[in-house]
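Single-structure report; data block below.
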Amino acid sequence: MATESEHRRQAERNEEFLSGIDQNRFPDWKATVAFYKAVHLVEVLFAHQGRPPGGSHTRRNNTLKRDFPDLWREYRPLYAFSRMARYWCMAVNPSHVDYVLRRLHRVERIIHELM
């Protein structure tokens, strides 16, 4: 399993990639990469607190719902938009991405406060 610093490094790489994605051309990918940045930030928190890694999305989601309800409230839309874009081929538009990015910033803030 990855360490806290490895998850942090991956979150930073995802942010670098996220910053370079054209929101108007590839809003679905922008939403997806935002979600995966959030995944790694959550894993940073889990590792920092000595918790086991989330492992699967289901297990991570259940831990967030149970132990971090405020964080879950912000993380859940990232998960949902990513799934809709990836599996349901939902047309994500730039205004959706603005919403997703606001949620990502809130995830970052909450995790920062918890650490």
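A note on labels: chains of the structure tokens are A, B, ... as shown, every chain counts residues from 1, and ligands are counted from 1 in their shown order.
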Shell of 8 Å around Ala38 (chain A), only C-alpha atoms, local chain residues under 6 positions omitted, as a list in words: Ala11, Tyr75, Leu78, Leu104, Val107 and Glu108 of chain A
Which of region 15-77 of chain A DSSP labels helix (DSSP H, G or I), written as a PyMOL selection string: chain A and resi 15-20+27-48+57-67+69-77
Exercise: region 54-65 of chain A partners within 9 Å, only C-alpha atoms, chain neighbours under 6 positions left out, as JSON, numbers by chain: {"A": [1, 39, 42, 43, 46, 71, 72, 73, 75, 76, 79]}
Writer output for current selection, N, CA, C and O atoms, as an mmCIF file, in the first residue's frame:
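Produced file selection-v3.cif, reproduced below:
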```cif
data_model
loop_
_atom_site.group_PDB
_atom_site.id
_atom_site.type_symbol
_atom_site.label_atom_id
_atom_site.label_comp_id
_atom_site.auth_asym_id
_atom_site.auth_seq_id
_atom_site.Cartn_x
_atom_site.Cartn_y
_atom_site.Cartn_z
ATOM 1 N N MET A 1 0.829 -1.184 0.000
ATOM 2 C CA MET A 1 0.000 0.000 0.000
ATOM 3 C C MET A 1 0.878 1.253 0.000
ATOM 4 O O MET A 1 1.971 1.250 0.544
ATOM 5 N N VAL A 39 -9.501 11.477 -3.957
ATOM 6 C CA VAL A 39 -9.223 10.126 -3.461
ATOM 7 C C VAL A 39 -7.877 10.105 -2.756
ATOM 8 O O VAL A 39 -7.745 9.601 -1.629
ATOM 9 N N VAL A 42 -7.869 11.989 0.555
ATOM 10 C CA VAL A 42 -8.503 11.188 1.607
ATOM 11 C C VAL A 42 -7.538 10.113 2.097
ATOM 12 O O VAL A 42 -7.422 9.878 3.308
ATOM 13 N N GLU A 43 -6.825 9.499 1.187
ATOM 14 C CA GLU A 43 -5.843 8.484 1.589
ATOM 15 C C GLU A 43 -4.703 9.099 2.405
ATOM 16 O O GLU A 43 -4.171 8.452 3.309
ATOM 17 N N PHE A 46 -6.209 9.347 5.866
ATOM 18 C CA PHE A 46 -6.266 8.030 6.505
ATOM 19 C C PHE A 46 -4.882 7.606 6.992
ATOM 20 O O PHE A 46 -4.735 7.142 8.124
ATOM 21 N N LEU A 71 -16.781 15.801 5.631
ATOM 22 C CA LEU A 71 -15.917 15.529 4.482
ATOM 23 C C LEU A 71 -16.689 14.735 3.425
ATOM 24 O O LEU A 71 -16.613 15.042 2.231
ATOM 25 N N TRP A 72 -17.467 13.760 3.853
ATOM 26 C CA TRP A 72 -18.262 12.957 2.927
ATOM 27 C C TRP A 72 -19.226 13.836 2.128
ATOM 28 O O TRP A 72 -19.398 13.649 0.926
ATOM 29 N N ARG A 73 -19.821 14.807 2.778
ATOM 30 C CA ARG A 73 -20.782 15.698 2.113
ATOM 31 C C ARG A 73 -20.142 16.419 0.929
ATOM 32 O O ARG A 73 -20.793 16.657 -0.083
ATOM 33 N N TYR A 75 -17.141 15.320 -0.596
ATOM 34 C CA TYR A 75 -16.488 14.315 -1.442
ATOM 35 C C TYR A 75 -17.490 13.596 -2.342
ATOM 36 O O TYR A 75 -17.202 13.297 -3.504
ATOM 37 N N ARG A 76 -18.670 13.316 -1.803
ATOM 38 C CA ARG A 76 -19.671 12.514 -2.520
ATOM 39 C C ARG A 76 -20.007 13.062 -3.907
ATOM 40 O O ARG A 76 -20.073 12.288 -4.873
ATOM 41 N N TYR A 79 -17.318 12.079 -6.378
ATOM 42 C CA TYR A 79 -17.469 10.666 -6.721
ATOM 43 C C TYR A 79 -18.603 10.491 -7.732
ATOM 44 O O TYR A 79 -18.440 9.811 -8.758
#
```
Residue nearest Gln10 (chain A) among A:Val44, A:Ala31, A:Leu101, A:Met84 (counting only C-alpha atoms):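 Once distances to Gln10 (chain A) are computed over only C-alpha atoms, the minimum belongs to A:Val44.
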Pick from A:Met90, A:Ile110, A:Val97, A:Met115 nearest to Asp22 (chain A), counting only C-alpha atoms: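 Closest residue, counting only C-alpha atoms: A:Val97.
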Contact residues around Asp98 (chain A) with only C-alpha atoms at 12 Å, ignoring same-chain residues under 2 positions, as a count of residues only: 20
